[in-house]
Amino acid sequence: MPRTSSGKKVTNKTVNKKDIAQLLNQWRQEFAVLVPSLATGVARLASWDGTDTSFMDWYRNTVIPPKANLLPPVEEMFSFHKDGEGYHIELPPSDGHQQLIFGIRPCDAKALAILDMTFKDIYEDPYYLSKRSNTILVGLGCTNPYDSCFCTSLGSSPTDSTDVDLMLTDIGARFLVEEITDKGKELMANISLAEEATEADEARAQAAREAAYNKVTRQLDTTDIGQKLLVNFDNQDYWEKIAAKCISCGICTFFCPTCYCFDINDELVKNRGERFRSWDSCAFPLYTKMPMENPRLEKWRRVRQKVCHKYEFYPIDFKVVACTGCGRCIRLCPVNWDITQALANLPAKVRA
Amino acid sequence: MKDGNIEQKLQSEARALLEQGRVDYIIGFEVGSLKFTTTPLITNNIADIDRLVINPFIVNNLSVYLTEVKGRVGIVAKGCDSRSIVSLIQDKQVAREDVVILGVPCPGIIDLSKVERLAGKDRDELDDITRNGDRVVITVDGNGREFPATEVLFDNCLGCDFPTPKEYDVLLDVSSPLVSDKAASQEKLDKLKGMAPEPRWQFWASEFDRCVLCYACRNVCPACFCQRCFVEESEPQWILPVPRWQDSLMFQVVRNIHVAGRCTDCGECERACPVNIPLRSLTREMYDLVDELFHYQAGMDKEAPPLLAAYEATDAEDFIR
Amino acid sequence: MTATDISHRSRFLAQGNVYLPHLAVIKKIVDETGDTKTFHLNFKDDKLQGEFTFNSGQFALFSVFGIGEAPFVISSSPTRSDHLEITVRRVGRVTNALHRLGVNAEVGFRGPYGNGFPLDLLSGKNLVFIAGGIGLSPLRSLIWNVIDNRDKYENIDIIYGVRTPADLCLKYDLESWNKDKTLDMVTTVDEGDESWIGRVGVVPAILEQVAPSAKNAVAIVCGPPIMIRFTFPVLEKLGFAPEQMLTTLEKRMKCGIGKCGRCNIGNLYVCRDGPVFTYAQIKQFISSEY
């Protein structure tokens, strides 16, 4: 069932859709505002130009997930140069600017909460976490999920407000605005164009939540999925069949909002250089290659790794499946490899 | 239109191939998990054969699987795909006797992004897309609107010279003839050719700025069959495998050079690109250059040596003498 | 949060950033075999050198600036830590670059990472070290650590095998251990040569011949994956329970701290939950993933 709002006894607010530009401009005084944008040629979150609100007509998710704003495709870790005294290492200048992501969908917000677990685990990752602590999330509920969406099978919904600071639900000409965290409350503190939500507004919002929930048609049964994958780990027949049409590119992992694997490389020009990290994928053959052997030379082992990491291994460590059902992997895969089909075909019992 | 007769013929041919043990695997298309999508079917199981389909959405170039599926294969191939198969035979990546080519004369494949633009809706919001000869009917919310097929076919289909496979073992019937629009298919390239070098460079720098080096373009391409791609070498390191536009552009340019004479303009690289980089504007340019300089088209003659692996005494350059 | 206990780990962060290397200087280079060298290093910062501690079995990531980083288990013992030692076989980009460096060259150091060997588990037990090829190097730190605290442990057996006599590594250590009456050392080669008078046979086969008792014993195995895969069944045959078998594993690594995703075996990361594992922990995945 769709979750209702945070459950706290506060009066929610509403904001008129035609006032959004004004609202964003107010926030722009303090934050760098990111909105869904096609300006770079592909749907992603990008800097708001101050006037264009055509993203309000979008009712669907971006192609590039918000993880790209916190874990960029390529990122400098530090630079170094050598002089008479030896090497000197310098961190890149950190701007420490606050960023506001406007219009993040519940699946992507949950994905950030999942990424946080890895980047905080044992050793803190300063690059991701500094951006994360400087990011405030204004969530936008979906009204029209794709046929590839399956968030409802993974403990979320098109209007779930759990992982954002402020949650907007579409109720026609206006948004219902819920302050989820203290940061969200502060955001709305001086917004004069917001009104108090009426009972009718709340009812409309609840109807919108239910309608959106019911529009999600793709289902995935995740009951005991970790256990099912465990017993099938060595079921080579199944994995080979499942992996047959995969072409081992990086699309599913790069555009997945919860995938985080990265590569580290150095570049040197004369005596100066940098160390970068960049997106990497367990789908690539070289990912696990060692000089003398490669434990995942065969494609079926890599496909198995991706599926098991998300649905079996990650939950062992962090108690959550590393997938939020955003559906990008299904939509963007050049051969229409579909994880919901792959998992639905998982044998319940391993053949003796 | 589901081309029912063609499908039945294909299924009976494929079934016979498996039953008689003439192939180990069948590679074809089946209905995908998204509306108006098909997906590759790779199977050695006769029970799977009745899932094979032929429809206006069979876009993949299945020959990409020939270098990894073991044994003899019966493979569904459109015009461009069959040329890719011949090209692989020329490169000795697959033996002619190991492939049974089930040729599909292609009427052109429907580009869903063009349909979405015309309909103003996403693919999953459309009721139906039907091809009727040189027209296409797109039905949204119960209302059907008709468009010329030339407005919804892929650019490379509009410019295709060889929709019917020349190399085949079985040739299925034509469902409807290809509709061409050479001008439309060359439009993007002509625009680029009309640009001065500096703005053209800026164009590509900005396009490749969003490349994330997912390598989908390389991995869907049958001509990219190298076990280890040059980007995966570390000693020496040709490009830094990080997605900066210079490295991404360099990767694509070198890839184009490597597939010159092998590329059949199947358009898969551009279709696969998740960030909408117009890769075909590079690959087709190379394709045209190969034709212009060498009077050569990829995959037309399985006995011919690969283009850039052959030298004729009459060739213009003399550095090799 | 993962269940891995990190309370015993040392943390030496440069500028508070776990990805930033400290600077270390190569003080001495020993040629082991044709493609293997041992490097002796000191931190550039004397204060850090004085404070630095680690556990046997922990590893660190060494940078050749501009080329890259690679993980090596620290092969010197924490009981003899006026300098650090690593043994490097030349197999790829970073290791080739390391081999080209000379004395006084600066490298980066990030660590120590990983769990190291559980000394409390080994205390009071008979120890059976089984090493193949350059796999001796990760065990070396523990072996010297144990020798330097000899009375804490019972019998010590060391079984070491290489392909040919020319591949023998750490010869000066082998000499010391051969002379040490408080332990039993067996060296074997897969193929002998004219001068070789010792045992001939692969490590798992020699292990079966030596047949160390499993009673109150712990086996510590390190070597190429194929050797490890064949050694475990022999130990099982000799009566070792999966919890009595330790190994230290190696996988392709980049971050070393459980973030970049690539060194996993199941839900375990070699860098975060290892590199030391019991056979019980990895039994399920060892044939497929390693």
# chains A, B, ... in the order shown; residues from 1 in each chain; ligands from 1
$ residues_around --residues "range 39-52 of chain C" --least-positions-apart "3" --cutoff "7 Å" --atoms "only C-alpha atoms" --output "ChimeraX atom specification"
/C:23-30,83-87
$ interface_residues --of "chain B" --to "chain C" --cutoff "12 Å" --atoms "only C-alpha atoms" --output "VMD selection string"
chain B and resid 233 to 237 240
$ interface_residues --of "chain A" --to "chain B" --cutoff "8 Å" --atoms "only C-alpha atoms" --output "PyMOL selection string"
chain A and resi 40-42+63+73-74+146-148+244-245+247-251+254+265+267+277-279+286+331-338
$ select_by_dssp --residues "range 20-98 of chain A" --states "strand (DSSP E)" --output "list in words"
Ala32, Val33, Leu34, Val35, Pro36, Ser37, Arg44, Leu45, Ala46, Ser47, Val74, Glu75, Glu76, Met77, Phe78, Ser79, Phe80, His81, Lys82, Asp83, Gly86, Tyr87, His88, Ile89 and Glu90 of chain A
$ closest_residue --among "A:Lys17, A:Lys183, A:Arg174, A:Lys310" --to "chain C" --atoms "only C-alpha atoms"
A:Lys310
$ residues_around --residues "range 150-156 of chain C" --least-positions-apart "6" --cutoff "10 Å" --atoms "only C-alpha atoms" --output "VMD selection string"
chain C and resid 119 to 120 122 to 129 143 to 144 182 to 185 212 216 to 218
$ residues_around --residues "range 251-261 of chain C" --least-positions-apart "4" --cutoff "7 Å" --atoms "only C-alpha atoms" --output "PyMOL selection string"
(chain A and resi 118-119+123+260-264+288-290) or (chain C and resi 71+113+269+271-272)
$ residues_around --residues "Gln244 in chain C" --least-positions-apart "2" --cutoff "10 Å" --atoms "only C-alpha atoms" --output "PyMOL selection string"
chain C and resi 121-122+127+214-220+235-236+239-242+246+278-280
$ write_last_selection --atoms "C-alpha atoms" --output "CSV table (one decimal), in the first residue's frame"
chain,number,residue,atom,x,y,z
C,121,LEU,CA,43.3,-17.4,17.6
C,122,LEU,CA,46.7,-18.8,16.8
C,127,LEU,CA,50.9,-23.7,13.2
C,214,ALA,CA,45.2,-31.4,12.8
C,215,LYS,CA,45.1,-31.6,16.6
C,216,ASN,CA,45.2,-28.2,18.2
C,217,ALA,CA,46.5,-26.9,14.8
C,218,VAL,CA,45.8,-24.0,12.5
C,219,ALA,CA,46.9,-24.2,8.8
C,220,ILE,CA,47.7,-20.9,7.1
C,235,LEU,CA,43.8,-30.3,4.8
C,236,GLU,CA,40.3,-31.6,5.1
C,239,GLY,CA,41.2,-33.7,9.7
C,240,PHE,CA,41.4,-29.9,9.6
C,241,ALA,CA,38.0,-28.3,10.2
C,242,PRO,CA,37.2,-25.3,7.9
C,246,LEU,CA,43.3,-19.7,7.2
C,278,THR,CA,39.0,-18.9,7.2
C,279,TYR,CA,38.1,-21.5,4.7
C,280,ALA,CA,34.7,-21.6,6.4
$ decode --residues "range 26-76 of chain B" --atoms "N, CA and C atoms" --output "mmCIF file, in the first residue's frame"
data_model
loop_
_atom_site.group_PDB
_atom_site.id
_atom_site.type_symbol
_atom_site.label_atom_id
_atom_site.label_comp_id
_atom_site.auth_asym_id
_atom_site.auth_seq_id
_atom_site.Cartn_x
_atom_site.Cartn_y
_atom_site.Cartn_z
ATOM 1 N N ILE B 26 19.934 -21.464 -32.407
ATOM 2 C CA ILE B 26 19.203 -20.525 -33.256
ATOM 3 C C ILE B 26 19.303 -19.158 -32.604
ATOM 4 N N ILE B 27 19.631 -18.148 -33.399
ATOM 5 C CA ILE B 27 19.627 -16.770 -32.884
ATOM 6 C C ILE B 27 18.599 -15.985 -33.676
ATOM 7 N N GLY B 28 17.598 -15.475 -32.985
ATOM 8 C CA GLY B 28 16.559 -14.699 -33.669
ATOM 9 C C GLY B 28 15.995 -13.664 -32.727
ATOM 10 N N PHE B 29 14.772 -13.230 -33.000
ATOM 11 C CA PHE B 29 14.126 -12.222 -32.158
ATOM 12 C C PHE B 29 12.893 -12.812 -31.507
ATOM 13 N N GLU B 30 12.641 -12.360 -30.283
ATOM 14 C CA GLU B 30 11.352 -12.666 -29.670
ATOM 15 C C GLU B 30 10.768 -11.381 -29.109
ATOM 16 N N VAL B 31 9.521 -11.449 -28.690
ATOM 17 C CA VAL B 31 8.854 -10.270 -28.140
ATOM 18 C C VAL B 31 9.592 -9.811 -26.898
ATOM 19 N N GLY B 32 9.821 -8.504 -26.802
ATOM 20 C CA GLY B 32 10.554 -7.974 -25.660
ATOM 21 C C GLY B 32 9.656 -7.725 -24.462
ATOM 22 N N SER B 33 10.271 -7.235 -23.379
ATOM 23 C CA SER B 33 9.491 -7.025 -22.167
ATOM 24 C C SER B 33 8.912 -5.619 -22.100
ATOM 25 N N LEU B 34 9.198 -4.811 -23.119
ATOM 26 C CA LEU B 34 8.628 -3.474 -23.203
ATOM 27 C C LEU B 34 7.813 -3.386 -24.488
ATOM 28 N N LYS B 35 6.837 -2.505 -24.480
ATOM 29 C CA LYS B 35 5.972 -2.383 -25.657
ATOM 30 C C LYS B 35 6.771 -2.014 -26.887
ATOM 31 N N PHE B 36 6.422 -2.606 -28.019
ATOM 32 C CA PHE B 36 7.054 -2.321 -29.310
ATOM 33 C C PHE B 36 8.556 -2.564 -29.268
ATOM 34 N N THR B 37 8.939 -3.595 -28.544
ATOM 35 C CA THR B 37 10.356 -3.950 -28.457
ATOM 36 C C THR B 37 10.512 -5.416 -28.742
ATOM 37 N N THR B 38 11.596 -5.767 -29.397
ATOM 38 C CA THR B 38 11.952 -7.179 -29.494
ATOM 39 C C THR B 38 13.289 -7.346 -28.800
ATOM 40 N N THR B 39 13.640 -8.583 -28.525
ATOM 41 C CA THR B 39 14.875 -8.873 -27.835
ATOM 42 C C THR B 39 15.494 -10.129 -28.446
ATOM 43 N N PRO B 40 16.806 -10.236 -28.452
ATOM 44 C CA PRO B 40 17.436 -11.423 -29.040
ATOM 45 C C PRO B 40 17.026 -12.703 -28.308
ATOM 46 N N LEU B 41 16.791 -13.736 -29.097
ATOM 47 C CA LEU B 41 16.523 -15.064 -28.543
ATOM 48 C C LEU B 41 17.644 -15.975 -29.006
ATOM 49 N N ILE B 42 18.390 -16.507 -28.061
ATOM 50 C CA ILE B 42 19.508 -17.401 -28.380
ATOM 51 C C ILE B 42 19.201 -18.718 -27.713
ATOM 52 N N THR B 43 18.898 -19.734 -28.508
ATOM 53 C CA THR B 43 18.411 -20.955 -27.884
ATOM 54 C C THR B 43 18.815 -22.205 -28.641
ATOM 55 N N ASN B 44 18.952 -23.301 -27.888
ATOM 56 C CA ASN B 44 19.129 -24.607 -28.527
ATOM 57 C C ASN B 44 17.940 -25.508 -28.215
ATOM 58 N N ASN B 45 16.895 -24.902 -27.708
ATOM 59 C CA ASN B 45 15.725 -25.642 -27.261
ATOM 60 C C ASN B 45 14.586 -25.495 -28.267
ATOM 61 N N ILE B 46 14.160 -26.620 -28.847
ATOM 62 C CA ILE B 46 13.116 -26.577 -29.883
ATOM 63 C C ILE B 46 11.830 -25.954 -29.344
ATOM 64 N N ALA B 47 11.586 -26.143 -28.061
ATOM 65 C CA ALA B 47 10.362 -25.587 -27.480
ATOM 66 C C ALA B 47 10.331 -24.067 -27.544
ATOM 67 N N ASP B 48 11.494 -23.439 -27.690
ATOM 68 C CA ASP B 48 11.531 -21.971 -27.708
ATOM 69 C C ASP B 48 11.238 -21.401 -29.086
ATOM 70 N N ILE B 49 11.246 -22.246 -30.114
ATOM 71 C CA ILE B 49 11.190 -21.743 -31.491
ATOM 72 C C ILE B 49 9.912 -20.973 -31.789
ATOM 73 N N ASP B 50 8.783 -21.387 -31.197
ATOM 74 C CA ASP B 50 7.574 -20.631 -31.549
ATOM 75 C C ASP B 50 7.509 -19.254 -30.904
ATOM 76 N N ARG B 51 8.579 -18.870 -30.215
ATOM 77 C CA ARG B 51 8.672 -17.495 -29.727
ATOM 78 C C ARG B 51 9.316 -16.561 -30.748
ATOM 79 N N LEU B 52 9.856 -17.132 -31.819
ATOM 80 C CA LEU B 52 10.515 -16.288 -32.820
ATOM 81 C C LEU B 52 9.505 -15.373 -33.503
ATOM 82 N N VAL B 53 9.873 -14.113 -33.687
ATOM 83 C CA VAL B 53 8.974 -13.169 -34.352
ATOM 84 C C VAL B 53 9.682 -12.414 -35.462
ATOM 85 N N ILE B 54 8.868 -11.897 -36.393
ATOM 86 C CA ILE B 54 9.328 -10.920 -37.385
ATOM 87 C C ILE B 54 8.330 -9.780 -37.293
ATOM 88 N N ASN B 55 8.799 -8.594 -37.012
ATOM 89 C CA ASN B 55 7.884 -7.443 -36.956
ATOM 90 C C ASN B 55 8.687 -6.173 -37.228
ATOM 91 N N PRO B 56 8.036 -4.995 -37.269
ATOM 92 C CA PRO B 56 8.777 -3.784 -37.648
ATOM 93 C C PRO B 56 9.795 -3.329 -36.609
ATOM 94 N N PHE B 57 9.993 -4.097 -35.522
ATOM 95 C CA PHE B 57 10.876 -3.630 -34.457
ATOM 96 C C PHE B 57 12.090 -4.516 -34.254
ATOM 97 N N ILE B 58 12.388 -5.380 -35.225
ATOM 98 C CA ILE B 58 13.526 -6.294 -35.055
ATOM 99 C C ILE B 58 14.821 -5.562 -35.405
ATOM 100 N N VAL B 59 15.253 -4.703 -34.503
ATOM 101 C CA VAL B 59 16.313 -3.765 -34.833
ATOM 102 C C VAL B 59 17.738 -4.303 -34.616
ATOM 103 N N ASN B 60 17.932 -5.214 -33.653
ATOM 104 C CA ASN B 60 19.294 -5.624 -33.301
ATOM 105 C C ASN B 60 20.028 -6.253 -34.478
ATOM 106 N N ASN B 61 21.341 -6.057 -34.507
ATOM 107 C CA ASN B 61 22.188 -6.764 -35.455
ATOM 108 C C ASN B 61 22.698 -8.003 -34.727
ATOM 109 N N LEU B 62 22.049 -9.130 -34.966
ATOM 110 C CA LEU B 62 22.324 -10.339 -34.178
ATOM 111 C C LEU B 62 23.690 -10.936 -34.471
ATOM 112 N N SER B 63 24.311 -10.519 -35.561
ATOM 113 C CA SER B 63 25.606 -11.122 -35.904
ATOM 114 C C SER B 63 26.659 -10.831 -34.834
ATOM 115 N N VAL B 64 26.357 -9.888 -33.942
ATOM 116 C CA VAL B 64 27.299 -9.594 -32.865
ATOM 117 C C VAL B 64 27.518 -10.811 -31.964
ATOM 118 N N TYR B 65 26.547 -11.740 -31.959
ATOM 119 C CA TYR B 65 26.690 -12.913 -31.097
ATOM 120 C C TYR B 65 27.483 -14.044 -31.746
ATOM 121 N N LEU B 66 27.784 -13.907 -33.038
ATOM 122 C CA LEU B 66 28.429 -15.020 -33.730
ATOM 123 C C LEU B 66 29.822 -15.308 -33.198
ATOM 124 N N THR B 67 30.496 -14.285 -32.709
ATOM 125 C CA THR B 67 31.857 -14.521 -32.230
ATOM 126 C C THR B 67 31.866 -15.091 -30.822
ATOM 127 N N GLU B 68 30.701 -15.257 -30.197
ATOM 128 C CA GLU B 68 30.745 -15.852 -28.863
ATOM 129 C C GLU B 68 29.891 -17.102 -28.710
ATOM 130 N N VAL B 69 28.890 -17.282 -29.541
ATOM 131 C CA VAL B 69 28.086 -18.501 -29.424
ATOM 132 C C VAL B 69 28.854 -19.653 -30.053
ATOM 133 N N LYS B 70 29.015 -20.724 -29.273
ATOM 134 C CA LYS B 70 29.842 -21.827 -29.758
ATOM 135 C C LYS B 70 29.053 -22.766 -30.656
ATOM 136 N N GLY B 71 29.702 -23.194 -31.717
ATOM 137 C CA GLY B 71 29.069 -24.213 -32.561
ATOM 138 C C GLY B 71 28.448 -23.604 -33.801
ATOM 139 N N ARG B 72 27.594 -24.400 -34.474
ATOM 140 C CA ARG B 72 26.941 -23.915 -35.682
ATOM 141 C C ARG B 72 25.658 -23.186 -35.301
ATOM 142 N N VAL B 73 25.373 -22.132 -36.043
ATOM 143 C CA VAL B 73 24.276 -21.245 -35.650
ATOM 144 C C VAL B 73 23.340 -20.981 -36.819
ATOM 145 N N GLY B 74 22.044 -21.036 -36.571
ATOM 146 C CA GLY B 74 21.061 -20.537 -37.537
ATOM 147 C C GLY B 74 20.686 -19.147 -37.085
ATOM 148 N N ILE B 75 20.878 -18.161 -37.930
ATOM 149 C CA ILE B 75 20.741 -16.773 -37.474
ATOM 150 C C ILE B 75 19.840 -15.965 -38.388
ATOM 151 N N VAL B 76 18.948 -15.206 -37.778
ATOM 152 C CA VAL B 76 18.049 -14.324 -38.529
ATOM 153 C C VAL B 76 18.815 -13.070 -38.900
#
